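Q: Sharing a structure below in structure tokens format, with a few things to ask.
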Amino acid sequence: MARMILARLGEVVLVMLAVSFLVYLVLEHNAADVAVKVLGQYSTAEQRALWLAENGYNAPFIERYGIWLGHFVTGRWGSSTHYRELVIDLLPPYLRQTAILAGTSFAIIVPLSFVLGIAAGVREGSLADRVISFVSVGTTSIPEFASAVFLSAIFVFWLGILPGASTMTSGFAWAELVLPVMVIVLYDFGYVARMVRASMAEVMTQPFIRTALMKGASPARIVFRHALRNALVAPITVIMLQIPWLLSGVIVVEVFFAYKGFGTLLYQACLNSDVALIEACAMVSVLVIVSTQVISDLLYTLLNPRIRFGAGAQGRG
Amino acid sequence: MGFKLWTNSGRKLHQAVPALADQFVKGEIGRRDFLQTVAWLGVAAASARAFAGAVSPVPAAAQEAPKKGGSLRYASAVMEINDPMLVTWTQASNVFRNSLEYLTMVDEDNITQPLLAASWDPSADLTSWRFKLRPGVKWSNGDAFTTEDVAFNINRWIAPTSKSSNKSAFSAIKQVEVHSDLEFSLHLSRPVLAIPEMFYAYTCPIVHRKFEEQGGVWSKNPIGTGPYTMVEFGVGQKATFRRREGYWGPAPYLDEIRYLDLGTEVSASIQALAAGQVDLITAINTTDIDVVKRLPNATLLSGRAAQTICIRMQVDQKPFDDIRVRKAMVLAADNQKLLDIGYRGLGVVAENHHVAPFQPEYFKLPPVARDVAKAKALLAEAGYKDGLDVTLVLGNTQGRWEQDTAQVLQQQVAEAGIRMKLNVLPSSEFWPIWDKVPFGLTFWAHRPLAVMTLDLAYRGGGSWNESHYKNPEFDTALNKATGIVDPKQRAVAMEAVERILQDDAVMVQPYWGDRYGAASTKVRGFRLHPSTYQSLRQTWLA
């Protein structure tokens, strides 16, 4: 087990190295462009040449990459040209905001989709199943930018019970989080619910479920003690995949509701060609994605003993 | 006759004033022209208004009693403020306007009022101006405000190494002569009537004389003479101002002003207004008007402004270096349709010479007529029998209506055989190249005088001359017009200026769009300023 974890961590490091090289290549292989972006369009050719020399841009690309990587792992992430602050000081508050948004959404999506998925999956073909499936497919089909507008029109303009912008200017306010979370939850729960439903439906047709039923187990005992653990494998993978999506997919929601999170930061960085900030944001995103994959693999082994004890063992349910 | 006119300085009236008063009484010039012109010549606005009121009374509006206190939340972009003379967006100036002040102030009626300068007297030929500063003004760090500060500012604007747009705007200043702590004179190389008004351009606030010594970044060291101090500042996030003690003038009503940056989507600001999270938005588009009108807790603000878009061609780049190609482009356009479809008809048609009918020096030229056949013929003559391929670059810096207008133009010129491609960039990518592309669409904000824009944009070598237009005949005609006092004579001199620019077919400048804003019903004493310079001195919260 420990060896597996170490192997996984090794993979994480390798992936991050590869991505860092690609990111650096795309953004900084043309040194002249970097000088213009950092110093602004009114800078003269002499000022740019001076800046390039001072910051080591006259060295070959590999050497520059090596130096940048060294700086990066020691926490020297450069300075943002748009926000005029050190990137390492700028990122944490925005990351925290997105973590709150993503965390809250996640905390609602998981229970909600499990409840609905189980309710739909235990009795495949029933009325409950049909209704839940219909609602799930329907809500997932409406893109976030459309549902954001609809919900805003209903709750902000018509009913007037929710705040229209979520900038949190007077400190943290739960009321301002409701609409962005609602949009994300509505978009995502249907997909996960359908995965849970499919997995449950498949497990419920297994012989051991019939055996448990004939032994006189109650429906609750069958679902929670026997079926769920087997049915969780596929949905866990899907749920862990939602985390990287939440990190970047929230851009639309964050910009629409003016929520100052990681999405708006990356959006502004790209619009303003803020090289240092883009690099840092890209690396943070990769770290989150790769970490969630590792955690997902670990959870998978916990759930599936066949993997834990080696490929030879028989399934024990 | 009743009311007499007097000057701010107490000196004699400029020799042109009695003639102007006469013209006004006879009805030859309008009230607005009269008030604006005598204000430039140093006449106190109060006396001019009283004089004008006695002749043609304007009914007074009913007034509520203003309340002191409260915090106003203003949804606005919060941009970097390093050096006020280098800002390129008026939004940045609205933020520092609470702390930094100007020599003069132009109100919403386009009348120039004294601010840091208490009075000014031009010489008879308008080439020498004597300014007296207001006594008793102190900087927020306790230093006294003197002519040393003013001279420091003016000299850095016009220095040979200056990168400011002020450099070409004030190119007529030869020398700043300091007489005492409170008096100085400007010596100009040619007569310029509207110097006092030009001092209110958004890039002209007076910064402390030690500004460069102390680092040259205003946001890190926000010293000012204004009634507010900046207590918080974050680019792209917020800026907060609190009223301070020790201001030289009457204290404004608001205790605190908070600028909140809600991003580039106007809809986010409108949602915030609907939910009562902000009190004021001054940049909304024509497409947002309907929504704002339906909000029960908000009012729509509107105003006529000389703001426009110039779809300009660089006259030294192929194919636009051939005047026949440019004329073909202009003839193929239909300005009225562009206004109706691109801006919902909410404005006034323009005539491709950047002088608005409601600006004081406007001279009425015959309307511009669309002629597709002639455009085709000109193109054929220039060697483009099979049509012409061009790319228009734009940045939607003020909203989608720029793109909408460009699309209508695209269809119009297609009829003449010009195949126009649109290259729409995000606004932050557009700004670095706005004056470098051969064919671009640029937004120009209102200026009270057309000659201020013409100076910046079309004078040979002007700071913001994006079309690289260089015509000595135009420059001479413009110099002549800027020196004339009499509004009627000035308009006549402007005929030459307008005609030359129009004939040289530098651009398609289709319309003057009205400005719109939205405010919570609690906000009082706020009027949209046509130039997007928003001052909150008279604003209070009910």
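Residues in the structure tokens are numbered from 1 in each chain, the chains being A, B, ... in the order shown, and ligands are numbered from 1 in the order shown.
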Going by DSSP on the backbone, which bits of range 111-266 of chain A are alpha helix (DSSP H)? Write them as number ranges by chain, please.

A: A: 111-122, 127-141, 144-152, 174-204, 207-214, 219-221, 228-231, 233-249, 251-256, 262-266

Q: May I have the residues within 9 Å of Trp40 in chain B as a PyMOL selection string, using only C-alpha atoms and disregarding those fewer than 2 positions away in the same chain?

A: chain B and resi 35-38+42-43+111-113+120-122+193-197

Q: Mind listing as a list of chain:residue names which residues of chain A are within 8 Å of chain B, counting only C-alpha atoms?

A: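 Taken together, these residues fit the definition: A:Gly40, A:Gln41, A:His82, A:Tyr83, A:Arg84, A:Ser152, A:Val156, A:Phe157, A:Gly160, A:Leu162, A:Pro163, A:Gly164, A:Ala165, A:Thr167, A:Thr169, A:Val255, A:Phe256, A:Phe257, A:Ala258, A:Leu271, A:Asn272.
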
Q: If DSSP is run on the backbone, what residues of range 166-247 of chain B are strand (DSSP E)? A reply as a PDB file with all heavy atoms, in the first residue's frame would be ideal.

A:
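Output (selection-v1.pdb):
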```
ATOM      1  N   ILE B 173       1.797  76.154 -24.890  1.00  0.00           N
ATOM      2  CA  ILE B 173       2.425  76.824 -23.744  1.00  0.00           C
ATOM      3  C   ILE B 173       3.925  76.920 -23.977  1.00  0.00           C
ATOM      4  O   ILE B 173       4.615  75.925 -24.114  1.00  0.00           O
ATOM      5  CB  ILE B 173       2.155  76.064 -22.429  1.00  0.00           C
ATOM      6  CG1 ILE B 173       0.656  76.007 -22.142  1.00  0.00           C
ATOM      7  CG2 ILE B 173       2.879  76.742 -21.274  1.00  0.00           C
ATOM      8  CD1 ILE B 173       0.309  75.338 -20.838  1.00  0.00           C
ATOM      9  N   LYS B 174       4.403  78.168 -24.006  1.00  0.00           N
ATOM     10  CA  LYS B 174       5.850  78.366 -24.183  1.00  0.00           C
ATOM     11  C   LYS B 174       6.548  78.371 -22.832  1.00  0.00           C
ATOM     12  O   LYS B 174       7.629  77.849 -22.668  1.00  0.00           O
ATOM     13  CB  LYS B 174       6.098  79.743 -24.841  1.00  0.00           C
ATOM     14  CG  LYS B 174       6.161  79.703 -26.331  1.00  0.00           C
ATOM     15  CD  LYS B 174       6.673  81.002 -26.960  1.00  0.00           C
ATOM     16  CE  LYS B 174       6.508  82.257 -26.164  1.00  0.00           C
ATOM     17  NZ  LYS B 174       6.076  83.377 -26.995  1.00  0.00           N
ATOM     18  N   GLN B 175       5.866  79.003 -21.849  1.00  0.00           N
ATOM     19  CA  GLN B 175       6.558  79.228 -20.582  1.00  0.00           C
ATOM     20  C   GLN B 175       5.565  79.441 -19.453  1.00  0.00           C
ATOM     21  O   GLN B 175       4.504  80.024 -19.653  1.00  0.00           O
ATOM     22  CB  GLN B 175       7.423  80.481 -20.736  1.00  0.00           C
ATOM     23  CG  GLN B 175       8.412  80.698 -19.619  1.00  0.00           C
ATOM     24  CD  GLN B 175       8.706  82.183 -19.430  1.00  0.00           C
ATOM     25  OE1 GLN B 175       8.098  83.022 -20.104  1.00  0.00           O
ATOM     26  NE2 GLN B 175       9.590  82.492 -18.539  1.00  0.00           N
ATOM     27  N   VAL B 176       5.947  78.954 -18.273  1.00  0.00           N
ATOM     28  CA  VAL B 176       5.169  79.218 -17.067  1.00  0.00           C
ATOM     29  C   VAL B 176       5.986  80.190 -16.226  1.00  0.00           C
ATOM     30  O   VAL B 176       7.105  79.876 -15.837  1.00  0.00           O
ATOM     31  CB  VAL B 176       4.938  77.930 -16.252  1.00  0.00           C
ATOM     32  CG1 VAL B 176       4.127  78.230 -15.005  1.00  0.00           C
ATOM     33  CG2 VAL B 176       4.274  76.879 -17.096  1.00  0.00           C
ATOM     34  N   GLU B 177       5.428  81.384 -15.983  1.00  0.00           N
ATOM     35  CA  GLU B 177       6.188  82.392 -15.220  1.00  0.00           C
ATOM     36  C   GLU B 177       5.576  82.544 -13.840  1.00  0.00           C
ATOM     37  O   GLU B 177       4.419  82.915 -13.704  1.00  0.00           O
ATOM     38  CB  GLU B 177       6.129  83.717 -15.977  1.00  0.00           C
ATOM     39  CG  GLU B 177       7.088  84.771 -15.451  1.00  0.00           C
ATOM     40  CD  GLU B 177       6.789  86.137 -16.048  1.00  0.00           C
ATOM     41  OE1 GLU B 177       6.146  86.161 -17.126  1.00  0.00           O
ATOM     42  OE2 GLU B 177       7.160  87.146 -15.441  1.00  0.00           O
ATOM     43  N   VAL B 178       6.354  82.250 -12.815  1.00  0.00           N
ATOM     44  CA  VAL B 178       5.841  82.337 -11.443  1.00  0.00           C
ATOM     45  C   VAL B 178       6.120  83.729 -10.895  1.00  0.00           C
ATOM     46  O   VAL B 178       7.261  84.184 -10.899  1.00  0.00           O
ATOM     47  CB  VAL B 178       6.524  81.268 -10.559  1.00  0.00           C
ATOM     48  CG1 VAL B 178       6.169  81.483  -9.101  1.00  0.00           C
ATOM     49  CG2 VAL B 178       6.116  79.881 -11.000  1.00  0.00           C
ATOM     50  N   GLU B 183       0.495  83.632  -7.580  1.00  0.00           N
ATOM     51  CA  GLU B 183       0.206  84.143  -8.916  1.00  0.00           C
ATOM     52  C   GLU B 183       1.214  83.632  -9.920  1.00  0.00           C
ATOM     53  O   GLU B 183       2.421  83.595  -9.644  1.00  0.00           O
ATOM     54  CB  GLU B 183       0.240  85.677  -8.920  1.00  0.00           C
ATOM     55  CG  GLU B 183      -0.976  86.274  -8.248  1.00  0.00           C
ATOM     56  CD  GLU B 183      -1.163  87.744  -8.588  1.00  0.00           C
ATOM     57  OE1 GLU B 183      -0.797  88.137  -9.705  1.00  0.00           O
ATOM     58  OE2 GLU B 183      -1.653  88.453  -7.709  1.00  0.00           O
ATOM     59  N   PHE B 184       0.697  83.230 -11.081  1.00  0.00           N
ATOM     60  CA  PHE B 184       1.613  82.835 -12.143  1.00  0.00           C
ATOM     61  C   PHE B 184       1.000  83.222 -13.482  1.00  0.00           C
ATOM     62  O   PHE B 184      -0.192  83.454 -13.585  1.00  0.00           O
ATOM     63  CB  PHE B 184       1.924  81.339 -12.080  1.00  0.00           C
ATOM     64  CG  PHE B 184       0.794  80.440 -12.508  1.00  0.00           C
ATOM     65  CD1 PHE B 184       0.717  79.955 -13.809  1.00  0.00           C
ATOM     66  CD2 PHE B 184      -0.180  80.065 -11.597  1.00  0.00           C
ATOM     67  CE1 PHE B 184      -0.316  79.119 -14.199  1.00  0.00           C
ATOM     68  CE2 PHE B 184      -1.218  79.220 -11.980  1.00  0.00           C
ATOM     69  CZ  PHE B 184      -1.291  78.749 -13.283  1.00  0.00           C
ATOM     70  N   SER B 185       1.843  83.282 -14.506  1.00  0.00           N
ATOM     71  CA  SER B 185       1.359  83.588 -15.851  1.00  0.00           C
ATOM     72  C   SER B 185       1.763  82.505 -16.820  1.00  0.00           C
ATOM     73  O   SER B 185       2.819  81.890 -16.694  1.00  0.00           O
ATOM     74  CB  SER B 185       1.955  84.910 -16.357  1.00  0.00           C
ATOM     75  OG  SER B 185       1.334  85.992 -15.739  1.00  0.00           O
ATOM     76  N   LEU B 186       0.895  82.300 -17.805  1.00  0.00           N
ATOM     77  CA  LEU B 186       1.216  81.380 -18.890  1.00  0.00           C
ATOM     78  C   LEU B 186       1.467  82.192 -20.139  1.00  0.00           C
ATOM     79  O   LEU B 186       0.684  83.082 -20.471  1.00  0.00           O
ATOM     80  CB  LEU B 186       0.016  80.462 -19.165  1.00  0.00           C
ATOM     81  CG  LEU B 186      -0.243  79.305 -18.234  1.00  0.00           C
ATOM     82  CD1 LEU B 186      -1.473  78.566 -18.708  1.00  0.00           C
ATOM     83  CD2 LEU B 186       0.935  78.364 -18.191  1.00  0.00           C
ATOM     84  N   HIS B 187       2.541  81.882 -20.828  1.00  0.00           N
ATOM     85  CA  HIS B 187       2.800  82.563 -22.095  1.00  0.00           C
ATOM     86  C   HIS B 187       2.673  81.551 -23.207  1.00  0.00           C
ATOM     87  O   HIS B 187       3.341  80.509 -23.210  1.00  0.00           O
ATOM     88  CB  HIS B 187       4.190  83.196 -22.078  1.00  0.00           C
ATOM     89  CG  HIS B 187       4.321  84.224 -20.998  1.00  0.00           C
ATOM     90  ND1 HIS B 187       3.638  85.426 -21.036  1.00  0.00           N
ATOM     91  CD2 HIS B 187       5.006  84.220 -19.838  1.00  0.00           C
ATOM     92  CE1 HIS B 187       3.922  86.121 -19.940  1.00  0.00           C
ATOM     93  NE2 HIS B 187       4.744  85.403 -19.202  1.00  0.00           N
ATOM     94  N   LEU B 188       1.779  81.870 -24.174  1.00  0.00           N
ATOM     95  CA  LEU B 188       1.472  80.915 -25.239  1.00  0.00           C
ATOM     96  C   LEU B 188       2.104  81.338 -26.545  1.00  0.00           C
ATOM     97  O   LEU B 188       2.314  82.522 -26.795  1.00  0.00           O
ATOM     98  CB  LEU B 188      -0.044  80.809 -25.432  1.00  0.00           C
ATOM     99  CG  LEU B 188      -0.879  80.600 -24.185  1.00  0.00           C
ATOM    100  CD1 LEU B 188      -2.352  80.631 -24.538  1.00  0.00           C
ATOM    101  CD2 LEU B 188      -0.519  79.287 -23.528  1.00  0.00           C
ATOM    102  N   TYR B 228     -11.425  64.302   0.158  1.00  0.00           N
ATOM    103  CA  TYR B 228     -11.413  62.906   0.598  1.00  0.00           C
ATOM    104  C   TYR B 228      -9.994  62.381   0.600  1.00  0.00           C
ATOM    105  O   TYR B 228      -9.160  62.789  -0.197  1.00  0.00           O
ATOM    106  CB  TYR B 228     -12.249  62.034  -0.357  1.00  0.00           C
ATOM    107  CG  TYR B 228     -13.736  62.293  -0.276  1.00  0.00           C
ATOM    108  CD1 TYR B 228     -14.351  63.176  -1.151  1.00  0.00           C
ATOM    109  CD2 TYR B 228     -14.529  61.643   0.667  1.00  0.00           C
ATOM    110  CE1 TYR B 228     -15.710  63.417  -1.080  1.00  0.00           C
ATOM    111  CE2 TYR B 228     -15.888  61.869   0.738  1.00  0.00           C
ATOM    112  CZ  TYR B 228     -16.469  62.755  -0.130  1.00  0.00           C
ATOM    113  OH  TYR B 228     -17.816  62.983  -0.071  1.00  0.00           O
ATOM    114  N   THR B 229      -9.740  61.420   1.520  1.00  0.00           N
ATOM    115  CA  THR B 229      -8.456  60.701   1.444  1.00  0.00           C
ATOM    116  C   THR B 229      -8.743  59.249   1.098  1.00  0.00           C
ATOM    117  O   THR B 229      -9.755  58.686   1.519  1.00  0.00           O
ATOM    118  CB  THR B 229      -7.689  60.684   2.788  1.00  0.00           C
ATOM    119  OG1 THR B 229      -8.633  60.642   3.842  1.00  0.00           O
ATOM    120  CG2 THR B 229      -6.770  61.850   2.945  1.00  0.00           C
ATOM    121  N   MET B 230      -7.812  58.668   0.377  1.00  0.00           N
ATOM    122  CA  MET B 230      -8.001  57.276  -0.030  1.00  0.00           C
ATOM    123  C   MET B 230      -7.489  56.384   1.092  1.00  0.00           C
ATOM    124  O   MET B 230      -6.326  56.456   1.470  1.00  0.00           O
ATOM    125  CB  MET B 230      -7.220  57.009  -1.313  1.00  0.00           C
ATOM    126  CG  MET B 230      -7.528  55.665  -1.903  1.00  0.00           C
ATOM    127  SD  MET B 230      -7.044  55.560  -3.628  1.00  0.00           S
ATOM    128  CE  MET B 230      -5.320  55.225  -3.476  1.00  0.00           C
ATOM    129  N   VAL B 231      -8.362  55.536   1.617  1.00  0.00           N
ATOM    130  CA  VAL B 231      -7.934  54.678   2.727  1.00  0.00           C
ATOM    131  C   VAL B 231      -7.696  53.239   2.300  1.00  0.00           C
ATOM    132  O   VAL B 231      -7.103  52.457   3.022  1.00  0.00           O
ATOM    133  CB  VAL B 231      -8.963  54.714   3.891  1.00  0.00           C
ATOM    134  CG1 VAL B 231      -9.037  56.111   4.467  1.00  0.00           C
ATOM    135  CG2 VAL B 231     -10.328  54.276   3.447  1.00  0.00           C
ATOM    136  N   GLU B 232      -8.205  52.893   1.103  1.00  0.00           N
ATOM    137  CA  GLU B 232      -8.040  51.511   0.662  1.00  0.00           C
ATOM    138  C   GLU B 232      -7.929  51.514  -0.850  1.00  0.00           C
ATOM    139  O   GLU B 232      -8.648  52.259  -1.502  1.00  0.00           O
ATOM    140  CB  GLU B 232      -9.312  50.736   1.025  1.00  0.00           C
ATOM    141  CG  GLU B 232      -9.102  49.478   1.775  1.00  0.00           C
ATOM    142  CD  GLU B 232     -10.409  48.727   1.933  1.00  0.00           C
ATOM    143  OE1 GLU B 232     -11.466  49.374   2.009  1.00  0.00           O
ATOM    144  OE2 GLU B 232     -10.365  47.493   1.976  1.00  0.00           O
ATOM    145  N   PHE B 233      -7.051  50.673  -1.394  1.00  0.00           N
ATOM    146  CA  PHE B 233      -6.968  50.613  -2.853  1.00  0.00           C
ATOM    147  C   PHE B 233      -6.484  49.243  -3.293  1.00  0.00           C
ATOM    148  O   PHE B 233      -5.448  48.783  -2.818  1.00  0.00           O
ATOM    149  CB  PHE B 233      -5.991  51.687  -3.359  1.00  0.00           C
ATOM    150  CG  PHE B 233      -5.879  51.744  -4.857  1.00  0.00           C
ATOM    151  CD1 PHE B 233      -6.872  52.334  -5.615  1.00  0.00           C
ATOM    152  CD2 PHE B 233      -4.774  51.204  -5.497  1.00  0.00           C
ATOM    153  CE1 PHE B 233      -6.772  52.383  -7.000  1.00  0.00           C
ATOM    154  CE2 PHE B 233      -4.662  51.251  -6.881  1.00  0.00           C
ATOM    155  CZ  PHE B 233      -5.672  51.846  -7.636  1.00  0.00           C
ATOM    156  N   GLY B 234      -7.241  48.610  -4.185  1.00  0.00           N
ATOM    157  CA  GLY B 234      -6.800  47.337  -4.752  1.00  0.00           C
ATOM    158  C   GLY B 234      -7.200  47.319  -6.211  1.00  0.00           C
ATOM    159  O   GLY B 234      -8.396  47.410  -6.515  1.00  0.00           O
ATOM    160  N   LYS B 238     -11.290  47.179  -5.271  1.00  0.00           N
ATOM    161  CA  LYS B 238     -12.054  48.280  -4.691  1.00  0.00           C
ATOM    162  C   LYS B 238     -11.146  49.452  -4.330  1.00  0.00           C
ATOM    163  O   LYS B 238      -9.926  49.319  -4.265  1.00  0.00           O
ATOM    164  CB  LYS B 238     -12.787  47.812  -3.440  1.00  0.00           C
ATOM    165  CG  LYS B 238     -11.859  47.270  -2.402  1.00  0.00           C
ATOM    166  CD  LYS B 238     -12.660  46.852  -1.188  1.00  0.00           C
ATOM    167  CE  LYS B 238     -11.865  45.970  -0.337  1.00  0.00           C
ATOM    168  NZ  LYS B 238     -11.869  44.966   0.285  1.00  0.00           N
ATOM    169  N   ALA B 239     -11.792  50.591  -4.096  1.00  0.00           N
ATOM    170  CA  ALA B 239     -11.076  51.757  -3.588  1.00  0.00           C
ATOM    171  C   ALA B 239     -12.037  52.448  -2.640  1.00  0.00           C
ATOM    172  O   ALA B 239     -13.215  52.583  -2.940  1.00  0.00           O
ATOM    173  CB  ALA B 239     -10.677  52.677  -4.734  1.00  0.00           C
ATOM    174  N   THR B 240     -11.548  52.874  -1.497  1.00  0.00           N
ATOM    175  CA  THR B 240     -12.418  53.521  -0.510  1.00  0.00           C
ATOM    176  C   THR B 240     -11.855  54.885  -0.148  1.00  0.00           C
ATOM    177  O   THR B 240     -10.657  55.033   0.087  1.00  0.00           O
ATOM    178  CB  THR B 240     -12.511  52.659   0.772  1.00  0.00           C
ATOM    179  OG1 THR B 240     -12.877  51.340   0.393  1.00  0.00           O
ATOM    180  CG2 THR B 240     -13.555  53.215   1.719  1.00  0.00           C
ATOM    181  N   PHE B 241     -12.745  55.876  -0.094  1.00  0.00           N
ATOM    182  CA  PHE B 241     -12.359  57.237   0.246  1.00  0.00           C
ATOM    183  C   PHE B 241     -13.159  57.699   1.442  1.00  0.00           C
ATOM    184  O   PHE B 241     -14.362  57.481   1.517  1.00  0.00           O
ATOM    185  CB  PHE B 241     -12.668  58.177  -0.928  1.00  0.00           C
ATOM    186  CG  PHE B 241     -11.738  58.005  -2.084  1.00  0.00           C
ATOM    187  CD1 PHE B 241     -11.935  56.992  -3.004  1.00  0.00           C
ATOM    188  CD2 PHE B 241     -10.652  58.847  -2.246  1.00  0.00           C
ATOM    189  CE1 PHE B 241     -11.076  56.820  -4.068  1.00  0.00           C
ATOM    190  CE2 PHE B 241      -9.786  58.687  -3.310  1.00  0.00           C
ATOM    191  CZ  PHE B 241      -9.996  57.673  -4.222  1.00  0.00           C
ATOM    192  N   ARG B 242     -12.479  58.382   2.358  1.00  0.00           N
ATOM    193  CA  ARG B 242     -13.197  58.938   3.506  1.00  0.00           C
ATOM    194  C   ARG B 242     -12.970  60.437   3.553  1.00  0.00           C
ATOM    195  O   ARG B 242     -11.856  60.909   3.296  1.00  0.00           O
ATOM    196  CB  ARG B 242     -12.695  58.286   4.796  1.00  0.00           C
ATOM    197  CG  ARG B 242     -13.847  57.651   5.533  1.00  0.00           C
ATOM    198  CD  ARG B 242     -13.494  56.781   6.637  1.00  0.00           C
ATOM    199  NE  ARG B 242     -13.808  55.407   6.303  1.00  0.00           N
ATOM    200  CZ  ARG B 242     -13.070  54.369   6.681  1.00  0.00           C
ATOM    201  NH1 ARG B 242     -11.978  54.565   7.372  1.00  0.00           N
ATOM    202  NH2 ARG B 242     -13.422  53.159   6.352  1.00  0.00           N
ATOM    203  N   ARG B 243     -14.022  61.169   3.948  1.00  0.00           N
ATOM    204  CA  ARG B 243     -13.911  62.623   4.024  1.00  0.00           C
ATOM    205  C   ARG B 243     -12.896  62.994   5.093  1.00  0.00           C
ATOM    206  O   ARG B 243     -12.811  62.344   6.132  1.00  0.00           O
ATOM    207  CB  ARG B 243     -15.279  63.195   4.377  1.00  0.00           C
ATOM    208  CG  ARG B 243     -15.369  64.696   4.126  1.00  0.00           C
ATOM    209  CD  ARG B 243     -16.768  65.208   4.364  1.00  0.00           C
ATOM    210  NE  ARG B 243     -17.239  64.825   5.664  1.00  0.00           N
ATOM    211  CZ  ARG B 243     -18.487  64.463   5.935  1.00  0.00           C
ATOM    212  NH1 ARG B 243     -19.383  64.442   4.972  1.00  0.00           N
ATOM    213  NH2 ARG B 243     -18.834  64.127   7.149  1.00  0.00           N
TER     214      ARG B 243
END
```

Q: Could you please determine the separation between CA of Val149 in chain A and CA of Ala298 in chain B in Å, to one decimal place?

A: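 A separation of 19.9 Å between them.
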